Each structure stands twice: as structure tokens, then as C-alpha cells.
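Chemist: Once you've had a glance at the structure underneath, I'll fire off some questions.
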Amino acid sequence: MWLSIAQADWALSLAKAAWVKSRKREATPARVFDFSPFLQGEKKGHALLSFQSETLLEDARRGRSAFFNPRGASLEIARALNQSGYAVDVISYKDAGFTPEREYDLFVGHDGVSFKRISEMLVGRAKRVTYVTGAYSDAHDEESEKAYSRFCLSRGLDRASLNTRRSIDASSYAISSADLVVCLGKETRKTFVPVAKSVVAINNAAYLELNFTPEQLAHRTVPPSFVYYGGTGNIQKGVDLLIEAFAGMPEAHLYLFSPLEPEVTRAYARELRSPNIHFGHHWRFFPNLVRRLISSCTFSLLCGFATGQSTALIAGLGLGLIPVVNTEADIESPGVPIAETTVQGVRDAVRRALALSQPEIAALRLGAMQSYDLLFKPEVFCASFRDLIRRVECQSGRES
């Protein structure tokens with residue numbers, strides 16, 4: 001069922017209220033000590049992982065999490081540490097009360113949260129790694145300002161009237177002092193190069209549970225519709241460009257799975273009533289959307305600035321959704337490129353997508369699924385992190 005903006009906002013407010021109520025009941029964040037179910041051979045040291053601990057033991061028993069970020073990523077990093085010979089103490093990155101009581105050989109933190117406080121308490125010569133899911137904070141803020149200014153210019157708004165500022169917590173200390181910064185995607189890596197000792201980009205990942213063969217997905221015939229799936233930060237992710245582009249293209253249908261923010265719903269109230277723009281309730285758990293996406297859409301969309309690779313976009317590759325994205329999306333897959341991040345750039349790409357023949361669409365679908373298998377599975381993420389652990393163990397000097 002597709003919802004009106006008002007209905008979706010009401011449903012989302014109820015979900016948020018329930019989430020806040022449940023969070024208030026939470027006690028001290030979970031701490032998992034000597035995590036070692038995936039340890040292979042003799043233990044060679046201890047590592048500390050400050051990321052996501054609440055569901056780690058449950059996810060380890062299942063072998064995977066319900067969704068990849070952050071729970072699945074935390075599980076795969078812990079798995080990689082085990083497979084590299086480390087028993088792991090795992091804490092929540094929001095755990096402000098944790099004090100190290102043993103000597104660690106390796107510390108892996110998440111973004112800038114708690115990184116400085118924990119680093120200063122570590123004894124010995126522990127190597128320090130920070131895993132960052134977005135861009136460097138200074139670059140993020142600069143690109144956000146460009147996006148907000150673009151939005152205001154397009155809608156005839158005074159920039160001062162838009163008070164929303166969504167920033168990220170990737171502190172300069174964590175980035176500049178870590179022995180290794182790990183980020184998602186080569187485009188995002190560029191934002192860290194000026195400040196990091198060493199920065200390496202790996203690929204993000206996504207979990208999928210499919211009951212379809214690649215051939216069934218590739219050759220299914222559905223209307224050539226387009227889907228955008230994402231969380232907060234509409235303007236930073238180019239949702240305003242998508243709405244404006246599709247409002248002027250009645251022949252193309254846009255499906256939005258995203259909590260639309262007030263500044264967007266106000267500025268695009270007329271466009272969002274266009275019969276070819278459909279707003280679906282935003283589900284946090286991507287697998288719930290699988291059948292809807294398979295039956296409704298052919299293409300996936302993203303045209304924001306580089307903020308790390310989108311988990312939903314990656315899952316879309318595994319479903320055979322053809323990416324219609326800009327360079328900053330940082331997705332290595334056959335698809336239809338958005339040459340410039342503008343309304344006209346989106347329209348040009350959509351028209352090229354609509355002009356594809358069925359054999360061309362089937363080939364691109366297969367190419368997208370092959371890219372997922374080769375580059376974006378959780379197993380690939382884990383293997384990449386194992387390689388980085390070996391690298392940081394013997395790393396010295398500064399890289400560009």
C-alpha cells in the first residue's frame with residue numbers, strides 16, 4: 001500500500017515514539033569480552049572493537065544479522081579479527097563508561113565517537129584503526145552547504161530560512177591519529193587523504209535472502225520504474241533533484257522509500273502530488289521491500305555527494321535493479337550513469353534508461369547481480385578487513 005505524505009509521517013512518528021520509549025528502558029550498553037567463535041588456530045593477541053555490541057552474540061549464532069549496517073558490519077569486523085588471530089572485546093561505540101582493563105594489540109573504533117577517550121587510556125603500543133561509514137566531517141559539511149544552497153536557489157528560498165544542519169561525527173583526532181582509516185568507497189576516500197596518515201577504501205555490503213535465480217530476476221518483465229531508498233539527509237542525497245526531475249517527466253514513475261523531511265515536503269508539495277511520484281512507507285529492514293521492488297521497479301537511483309556507499313543501493317544490485325547513479329555513488333556496476341548532479345542530468349539519464357531494449361535491460365540486470373556477488377557480499381567485506389588487519393600490523397609511514 002502506498003501512503004500519502006501525511007499518513008507516512010504519522011506512521012513514522014509512532015515508530016519513533018516506540019523506539020525512544022524502548023531506548024529509555026535500556027541499561028548500560030552491552031559489553032562482550034573474549035569474543036572468539038571464529039578464531040582459527042592459536043590466539044596471537046587481544047583486540048578491542050568499539051562499534052555495535054548489543055546483538056553481537058545473537059548475530060554470531062545466526063552467522064549474520066538482520067541488516068548490514070551497523071550490526072552486520074560489526075559482526076564481520078569481529079569475525080575478521082578472530083580469523084586474524086585475535087580474541088575480541090566488543091563494546092558499543094556509545095559506551096561512555098568503558099575503561100580498558102587489559103593491554104590490547106589492536107583497537108578498532110567507529111568514526112570519531114569515543115576514539116580519543118579510549119585511545120588515551122590504552123596502554124602499550126596498540127595499533128589504532130578507525131572505521132568510518134561516511135565522508136570526512138569537514139568535506140561533508142562543505143558539500144552539505146553546497147547542496148542546501150542549491151536547494152534554496154531552486155525553490156527561491158532564503159538560505160538563512162533553512163536551519164537544518166545534519167553533520168557527522170568523524171573527528172579530526174580520530175582521522176589524523178589513527179594508524180589506518182578505513183572508509184567505504186574510493187570517492188569517499190578522497191575526503192580523508194589530506195588529513196589521514198593512511199586511508200584505505202573497501203566496499204560496503206548488504207545481506208540478501210532471495211528465492212529467485214539470477215535468470216528469473218534478469219528476464220522478468222516489469223514497468224521500467226525507478227526507486228530511491230534512503231534515510232535522513234534528503235537534500236544531501238539529491239532527493240530534491242529526483243523529485244524535481246520526475247515532476248517534469250510524466251512518462252517515468254518514481255517510487256520513494258524514504259522519510260521525507262519537512263523542508264522537502266514543504267518546498268515540493270505540488271510536485272509530490274504528481275501522479276507519477278509514489279511515496280511508500282520507509283522500512284528500516286531492507287528485506288521487507290524485496291517483493292515490492294521486484295514487482296514494481298527496474299532501476300535504482302542515487303545522486304548525492306560522496307558519503308560512503310549506500311547499503312540499499314548495493315542490495316538493489318543483488319536484486320537485479322539497474323543503478324542510475326552519479327560518480328559519487330561509488331558503485332562499480334553496469335548501469336546508466338548520471339553525468340552531472342543536476343535536474344537535467346537526472347532527466348537525461350532517466351530518458352536513456354527508458355530507451356533501453358528488453359535484451360539490454362536483461363544484460364544490465366545480470367551485470368548488476370554479478371557486481372554484487374563479486375564486490376559487495378558480506379564475505380567480501382570480511383575478507384577486505386582481514387587484508388587491512390595484516391596491513392596495519394606491519395604498517396609504517398604515511399600514504400597519499
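Each chain in the C-alpha cells gets a letter, A, B, ..., in the order shown, and its residues are numbered from 1; ligands are numbered from 1 in order too.
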Which neighbours of Ala147 in chain A fall inside 10 Å, counting only C-alpha atoms, when residues of the same chain fewer than 6 positions from it are skipped, and could you give them as a ChimeraX atom specification?
Modeler: /A:141,153,234-238,240,304-305
Chemist: Enumerate the residues of range 36-274 of chain A with a DSSP assignment of strand (DSSP E or B), computed from the backbone, and present them as a VMD selection string.
Modeler: chain A and resid 45 to 51 86 to 92 106 to 110 127 to 131 180 to 184 199 to 202 226 to 229 254 to 257
Chemist: Can you pull out the residues contacting Leu39 in chain A? Cut-off 12 Å, using only C-alpha atoms, and skip same-chain residues under 6 positions away; I want them as a VMD selection string.
Modeler: chain A and resid 45 to 46 78 to 88
Chemist: Counting only C-alpha atoms, which residues of range 110-165 of chain A sit at most 12 Å from some atom of range 339-361 of chain A, and what is each one's closest atom pair with its distance in Å to one decimal, listed by chain and rising residue number, as CSV?
Modeler:
residue,atom,partner,partner_atom,distance
A:Lys146,CA,A:Thr341,CA,11.8
A:Ala147,CA,A:Thr341,CA,10.3
A:Arg150,CA,A:Thr342,CA,9.5
A:Phe151,CA,A:Thr342,CA,10.8
A:Ser154,CA,A:Val343,CA,10.0
Chemist: Write the selection just made, keeping C-alpha atoms, as a CSV table (one decimal), in the first residue's frame?
Modeler:
chain,number,residue,atom,x,y,z
A,146,LYS,CA,26.5,23.4,-1.5
A,147,ALA,CA,23.5,21.1,-1.5
A,150,ARG,CA,21.3,24.6,-4.5
A,151,PHE,CA,18.0,23.6,-2.9
A,154,SER,CA,15.9,26.2,-6.9
Chemist: Quick one: distance from CA of Ile331 in chain A to CA of Leu388 in chain A in Å, one decimal?
Modeler: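 Computing it gives 20.8 Å between the two atoms.
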Chemist: Using only C-alpha atoms, which residues sit within 6 Å of range 125-129 of chain A once same-chain residues fewer than 2 positions away are excluded, as a short mmCIF file (atom, residue, chain, number, x, y, z; two decimals) with N, CA, C and O atoms, in the first residue's frame?
Modeler:
data_model
loop_
_atom_site.label_atom_id
_atom_site.label_comp_id
_atom_site.auth_asym_id
_atom_site.auth_seq_id
_atom_site.Cartn_x
_atom_site.Cartn_y
_atom_site.Cartn_z
N TYR A 104 45.80 -4.15 24.87
CA TYR A 104 45.33 -4.59 23.56
C TYR A 104 46.41 -4.42 22.51
O TYR A 104 47.23 -3.50 22.57
N ASP A 105 46.38 -5.33 21.54
CA ASP A 105 47.30 -5.23 20.41
C ASP A 105 46.73 -4.39 19.28
O ASP A 105 47.48 -3.83 18.48
N LEU A 106 45.40 -4.30 19.25
CA LEU A 106 44.73 -3.59 18.15
C LEU A 106 43.43 -2.99 18.66
O LEU A 106 42.68 -3.65 19.39
N PHE A 107 43.18 -1.75 18.31
CA PHE A 107 41.94 -1.06 18.68
C PHE A 107 41.25 -0.60 17.41
O PHE A 107 41.84 0.12 16.60
N VAL A 108 40.01 -1.03 17.20
CA VAL A 108 39.21 -0.60 16.06
C VAL A 108 38.03 0.21 16.59
O VAL A 108 37.18 -0.32 17.32
N ALA A 178 44.82 7.98 13.81
CA ALA A 178 44.70 6.53 13.60
C ALA A 178 45.83 6.03 12.71
O ALA A 178 46.26 6.70 11.77
N ASP A 179 46.30 4.83 13.00
CA ASP A 179 47.30 4.21 12.13
C ASP A 179 46.70 3.87 10.77
O ASP A 179 47.42 3.81 9.77
N LEU A 180 45.40 3.65 10.75
CA LEU A 180 44.71 3.38 9.49
C LEU A 180 43.27 3.85 9.58
O LEU A 180 42.58 3.58 10.57
N VAL A 181 42.82 4.57 8.57
CA VAL A 181 41.42 4.95 8.41
C VAL A 181 40.82 4.04 7.34
O VAL A 181 41.38 3.91 6.24
#
Chemist: Where does DSSP see helix (DSSP H, G or I) in range 206-354 of chain A, if you list the residues as JSON, numbers by chain?
Modeler: {"A": [214, 215, 216, 217, 218, 239, 240, 241, 242, 243, 244, 245, 246, 247, 262, 263, 264, 265, 266, 267, 271, 272, 273, 286, 287, 288, 289, 290, 291, 292, 293, 294, 295, 296, 311, 312, 313, 314, 315, 316, 317, 318, 327, 328, 329, 343, 344, 345, 346, 347, 348, 349, 350, 351, 352, 353, 354]}
Chemist: Could you please determine the separation between CA of Lys190 in chain A and CA of Ile202 in chain A in Å, to one decimal place?
Modeler: 12.8 Å
Chemist: Which residue is closest to Thr188 in chain A? Choose from A:Gly308, A:Gly72, A:Gly109, A:Pro259 and count only C-alpha atoms.
Modeler: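 Closest to Thr188 in chain A, using only C-alpha atoms: A:Gly308.
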Chemist: So which residues touch Leu256 in chain A within 10 Å, counting only C-alpha atoms, skipping near sequence neighbours fewer than 3 positions away, as an MDAnalysis selection string?
Modeler: chainID A and resid 2 226:230 239 242:243 253 259:260 277:282 301
Chemist: If I take CA of Arg273 in chain A and CA of Asn326 in chain A, how far is one from the other in Å, to one decimal?
Modeler: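 The value is 26.1 Å.
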Chemist: Can you tell me, as a PyMOL selection string, what residues are no more than 12 Å from Val380 in chain A when counting only C-alpha atoms, ignoring any on the same chain fewer than 2 positions away?
Modeler: chain A and resi 73+76-77+80+202-207+371-378+382-387
Chemist: Which is closest to Asn163 in chain A among A:Val336, A:Gln40, A:Glu145, A:Glu393, if we use only C-alpha atoms?
Modeler: A:Glu145
Chemist: Just want the 7 Å neighbourhood of Val200 in chain A, counted on only C-alpha atoms, with same-chain residues fewer than 4 positions away dropped. Output as a PyMOL selection string.
Modeler: chain A and resi 181-183+189
